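Inspection log for the structure reproduced underneath, given as C-alpha cells.
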Amino acid sequence: MTTRIPLMAGNWKMNLNHLEAIAQVQKLSQYLTDAKHDFATAEAAVLVPYTDLRSVQTLVDSDNLPIEYGAQDVSEHASGAYTGDISADMLKSLGVKFCAVGHSERREYYGETDALVNAKVRALAAADIVSIVCVGEALEIRKAGNHVPYTVDSLKGSIADLSPEELAKTVIAYEPVWAIGTGEVATPADAQEVIGALREAIAEMYDADVADAMRILYGGSVKSGNVAEIMAEKDIDGALVGGASLDPEEFSKIVRFADHA
Ligand code: 13P
C-alpha cells in the first residue's frame, strides 16, 4: 500500500512581484484555512520567482502558514563566476523546500538538456531541496506515437546515476508540452499511460519500493474542474499547475480536489 501524499504545486512562472506574492499567499492560505483543509491529505506549494522568495519566506514563517514554497530553476554550479545564476545553497538559506528543474519552457527557450537537468538535481539534493523534475513530449512526438519511450528516456537521462537517497529528494512531473497553457488537457488515461510507464522505469532502474514511494505529478491545463478525474488515476500523485495557480481561490480548489471527486 502506497503512502504517497498528493502534492499540488503552483508554478507561477514569471508572474507576480514580491508585493503581489504576499497578497497571493495570504489569500491562498485564507481559502484553505476557511475550508479547514487537512494538509496531511494534500500538500500545497507555490513555485515563485526568485525575487519573491524572501517575502514569501517571511510571511510563511511569521504567520506559521502550512504552505510550502520553492523556486523554478537553479544553477548547477555551487558558486563562482556565473553571472545571473542562483545556487542551491542560496535557495536553501531562504527556506526553499522545492525547486522545479527542466521545465519544458527552460528546455525549449534555454536549451536545457537532460544532462544539465541531472546536474541541477544533484546540486539541489546536496542542499536538501526536493527537485520537481519535469519531462514531457512535444505534439509531433505524440502524433508519431513515441510519447512513452521519449518521456521515459528523458526521465532516465534526468535522474541518471542518482543514489536512492538523492532520488528520494525528487518528485517527477509529466507535462506534455502540447497541454501546457493551451487549454488542451491530456485525458486522465493519456496521463496515466505515461506516468505508469515512468513508475515502471524507476522500478527497473532502482526497485519496486523506490518506485512505489516516488511522487509523480501531472501538469498541463489542470483546473478545479478536471483535477479530480486526473487524481483518480492510480499512478498520479498531484499536479503542477501553471495558469490556474495564479487565482488563489481556483488553486485552493485544486488543492482540495478530494472535495469534488
Ligand atoms: P498550465 O497549467 O498553464 O497549462 O501550465 C502548466 C505548467 O507548465 C506548469 O508547470
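Letters A, B, ... go to the chains of the C-alpha cells in the order shown; residues in each chain start at 1; ligands are counted from 1 in the same order.
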Sorted per-residue table, region 152-208 of chain A near region 215-231 of chain A, closest atoms and distance, 12 Å, only C-alpha atoms, as CSV:
```
residue,atom,partner,partner_atom,distance
A:Leu155,CA,A:Ile216,CA,11.5
A:Leu167,CA,A:Arg215,CA,10.8
A:Ala168,CA,A:Arg215,CA,9.5
A:Lys169,CA,A:Arg215,CA,10.2
A:Thr170,CA,A:Arg215,CA,8.0
A:Val171,CA,A:Arg215,CA,5.2
A:Ile172,CA,A:Ile216,CA,4.7
A:Ala173,CA,A:Leu217,CA,4.5
A:Tyr174,CA,A:Tyr218,CA,5.0
A:Glu175,CA,A:Gly219,CA,4.6
A:Pro176,CA,A:Gly220,CA,6.7
A:Val177,CA,A:Gly220,CA,7.6
A:Trp178,CA,A:Gly220,CA,8.0
A:Ala179,CA,A:Gly220,CA,4.6
A:Ile180,CA,A:Gly220,CA,4.3
A:Gly181,CA,A:Ser221,CA,5.8
A:Thr182,CA,A:Ser221,CA,6.8
A:Gly183,CA,A:Ser221,CA,5.2
A:Glu184,CA,A:Ser221,CA,6.4
A:Val185,CA,A:Ser221,CA,5.4
A:Ala186,CA,A:Gly220,CA,7.4
A:Thr187,CA,A:Ile230,CA,7.7
A:Pro188,CA,A:Ile230,CA,4.8
A:Ala189,CA,A:Ile230,CA,8.3
A:Asp190,CA,A:Ile230,CA,9.8
A:Ala191,CA,A:Tyr218,CA,6.8
A:Gln192,CA,A:Ile230,CA,8.3
A:Glu193,CA,A:Tyr218,CA,11.4
A:Val194,CA,A:Tyr218,CA,9.8
A:Ile195,CA,A:Ile216,CA,6.9
A:Gly196,CA,A:Ile216,CA,9.2
A:Ala197,CA,A:Ile216,CA,11.0
A:Leu198,CA,A:Ile216,CA,8.4
A:Arg199,CA,A:Ile216,CA,8.0
A:Glu200,CA,A:Ile216,CA,11.7
A:Ile202,CA,A:Ile216,CA,11.0
```
Checklist entry - Which neighbours of His77 (chain A) fall inside 10 Å, counting only C-alpha atoms, when residues of the same chain fewer than 4 positions from it are skipped, and could you give them as an MDAnalysis selection string? => result chainID A and resid 81:82 85:88 119:120 123
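Comparing the minimum interatomic distances between Gln72 (chain A) and each of A:Val60, A:Asp259, A:Ser55, A:Ala100, counting only C-alpha atoms, we find that A:Ala100 sits nearest.
Those residues that approach Asn11 (chain A) to within 8 Å, counting only C-alpha atoms, are Val46, Leu47, Val48, Gln72, Leu240, Val241, Gly242 and Ser245 of chain A; same-chain residues fewer than 4 positions away are not listed.
Minimum distance to ligand 1 across A:Ala127, A:Leu246, A:Leu59, A:Ala23 (counting only C-alpha atoms and all ligand atoms) occurs at A:Leu246.
Neighbouring residues of region 30-45 of chain A at 7 Å or closer, counting only C-alpha atoms and skipping chain neighbours under 3 positions away, are Ile5, Pro6, Leu7, Met8, Ala9, Gly10, Gln26, Lys27, Ile67, Glu68, Tyr69, Glu249, Ser252 and Val255 of chain A.
Within region 127-221 of chain A, the backbone-based DSSP assignment of strand (DSSP E) covers A:Val130, A:Ser131, A:Ile132, A:Val133, A:Cys134, A:Val135, A:Thr170, A:Val171, A:Ile172, A:Ala173, A:Tyr174, A:Ile216, A:Leu217, A:Tyr218, A:Gly219.
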Go ahead and dump the residues you just picked, N, CA and C atoms, as a PDB file, in the first residue's frame.
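Saved as out32.pdb:
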```pdb
ATOM      1  N   VAL A 130      14.071  19.473  -2.567  1.00  0.00           N
ATOM      2  CA  VAL A 130      13.397  18.481  -3.403  1.00  0.00           C
ATOM      3  C   VAL A 130      13.240  19.032  -4.822  1.00  0.00           C
ATOM      4  N   SER A 131      13.798  18.324  -5.784  1.00  0.00           N
ATOM      5  CA  SER A 131      13.645  18.712  -7.195  1.00  0.00           C
ATOM      6  C   SER A 131      12.279  18.270  -7.689  1.00  0.00           C
ATOM      7  N   ILE A 132      11.665  19.096  -8.506  1.00  0.00           N
ATOM      8  CA  ILE A 132      10.482  18.651  -9.256  1.00  0.00           C
ATOM      9  C   ILE A 132      10.951  18.558 -10.704  1.00  0.00           C
ATOM     10  N   VAL A 133      11.281  17.348 -11.110  1.00  0.00           N
ATOM     11  CA  VAL A 133      11.924  17.118 -12.409  1.00  0.00           C
ATOM     12  C   VAL A 133      10.844  16.990 -13.490  1.00  0.00           C
ATOM     13  N   CYS A 134      10.873  17.904 -14.445  1.00  0.00           N
ATOM     14  CA  CYS A 134       9.821  17.935 -15.468  1.00  0.00           C
ATOM     15  C   CYS A 134      10.269  17.220 -16.745  1.00  0.00           C
ATOM     16  N   VAL A 135       9.385  16.390 -17.257  1.00  0.00           N
ATOM     17  CA  VAL A 135       9.603  15.726 -18.546  1.00  0.00           C
ATOM     18  C   VAL A 135       8.276  15.742 -19.312  1.00  0.00           C
ATOM     19  N   THR A 170      13.477  13.732  -4.849  1.00  0.00           N
ATOM     20  CA  THR A 170      12.909  14.227  -6.108  1.00  0.00           C
ATOM     21  C   THR A 170      11.438  13.861  -6.222  1.00  0.00           C
ATOM     22  N   VAL A 171      10.755  14.707  -6.977  1.00  0.00           N
ATOM     23  CA  VAL A 171       9.382  14.477  -7.408  1.00  0.00           C
ATOM     24  C   VAL A 171       9.474  14.575  -8.928  1.00  0.00           C
ATOM     25  N   ILE A 172       8.640  13.823  -9.614  1.00  0.00           N
ATOM     26  CA  ILE A 172       8.665  13.898 -11.082  1.00  0.00           C
ATOM     27  C   ILE A 172       7.370  14.545 -11.556  1.00  0.00           C
ATOM     28  N   ALA A 173       7.466  15.328 -12.607  1.00  0.00           N
ATOM     29  CA  ALA A 173       6.248  15.912 -13.183  1.00  0.00           C
ATOM     30  C   ALA A 173       6.205  15.592 -14.671  1.00  0.00           C
ATOM     31  N   TYR A 174       5.123  14.953 -15.075  1.00  0.00           N
ATOM     32  CA  TYR A 174       4.907  14.700 -16.505  1.00  0.00           C
ATOM     33  C   TYR A 174       4.050  15.841 -17.059  1.00  0.00           C
ATOM     34  N   ILE A 216       4.705  11.258  -8.542  1.00  0.00           N
ATOM     35  CA  ILE A 216       4.725  11.681  -9.949  1.00  0.00           C
ATOM     36  C   ILE A 216       3.476  12.526 -10.211  1.00  0.00           C
ATOM     37  N   LEU A 217       3.714  13.751 -10.647  1.00  0.00           N
ATOM     38  CA  LEU A 217       2.637  14.713 -10.863  1.00  0.00           C
ATOM     39  C   LEU A 217       2.292  14.796 -12.348  1.00  0.00           C
ATOM     40  N   TYR A 218       1.096  15.300 -12.608  1.00  0.00           N
ATOM     41  CA  TYR A 218       0.724  15.638 -13.986  1.00  0.00           C
ATOM     42  C   TYR A 218       0.642  17.162 -14.085  1.00  0.00           C
ATOM     43  N   GLY A 219       1.046  17.713 -15.205  1.00  0.00           N
ATOM     44  CA  GLY A 219       0.891  19.156 -15.435  1.00  0.00           C
ATOM     45  C   GLY A 219       0.455  19.428 -16.850  1.00  0.00           C
TER      46      GLY A 219
END
```
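Using only C-alpha atoms for every distance, the candidate list A:Asp212, A:Asp128, A:Asp61, A:Glu140 yields A:Asp212 as the residue closest to Ile236 (chain A).
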Checklist entry - region 35-118 of chain A: which residues are alpha helix (DSSP H) by DSSP, as a list in words? => result Leu53, Arg54, Ser55, Val56, Gln57, Thr58, Leu59, Val60, Asp61, Ser62, Asp63, Ala88, Asp89, Met90, Leu91, Lys92, Ser104, Glu105, Arg106, Arg107, Glu108, Tyr109, Tyr110, Asp114, Ala115, Leu116, Val117 and Asn118 of chain A
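Excluding Val96 (chain A) itself and any same-chain residue fewer than 5 positions from it, the protein and nucleic acid residues within 7 Å of it, counting only C-alpha atoms, are Tyr69, Gly70, Leu91 and Ile129 of chain A.
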Pull C-alpha atoms from the residues just selected and write them as a PDB file, in the first residue's frame.
```
ATOM      1  CA  TYR A  69       7.278  27.299  -1.334  1.00  0.00           C
ATOM      2  CA  GLY A  70      10.036  26.905  -3.826  1.00  0.00           C
ATOM      3  CA  LEU A  91      17.769  28.827  -2.107  1.00  0.00           C
ATOM      4  CA  ILE A 129      15.975  20.652  -1.642  1.00  0.00           C
TER       5      ILE A 129
END
```
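Distances from A:Ile159, A:Ala239, A:Leu28, A:Leu19 to Ala201 (chain A) were compared using only C-alpha atoms, and the smallest one belongs to A:Ile159.
Proximity ranking of A:Ser104, A:Ser29, A:Asn118, A:Ser75 relative to ligand 1 places A:Ser104 first, based on only C-alpha atoms and all ligand atoms.
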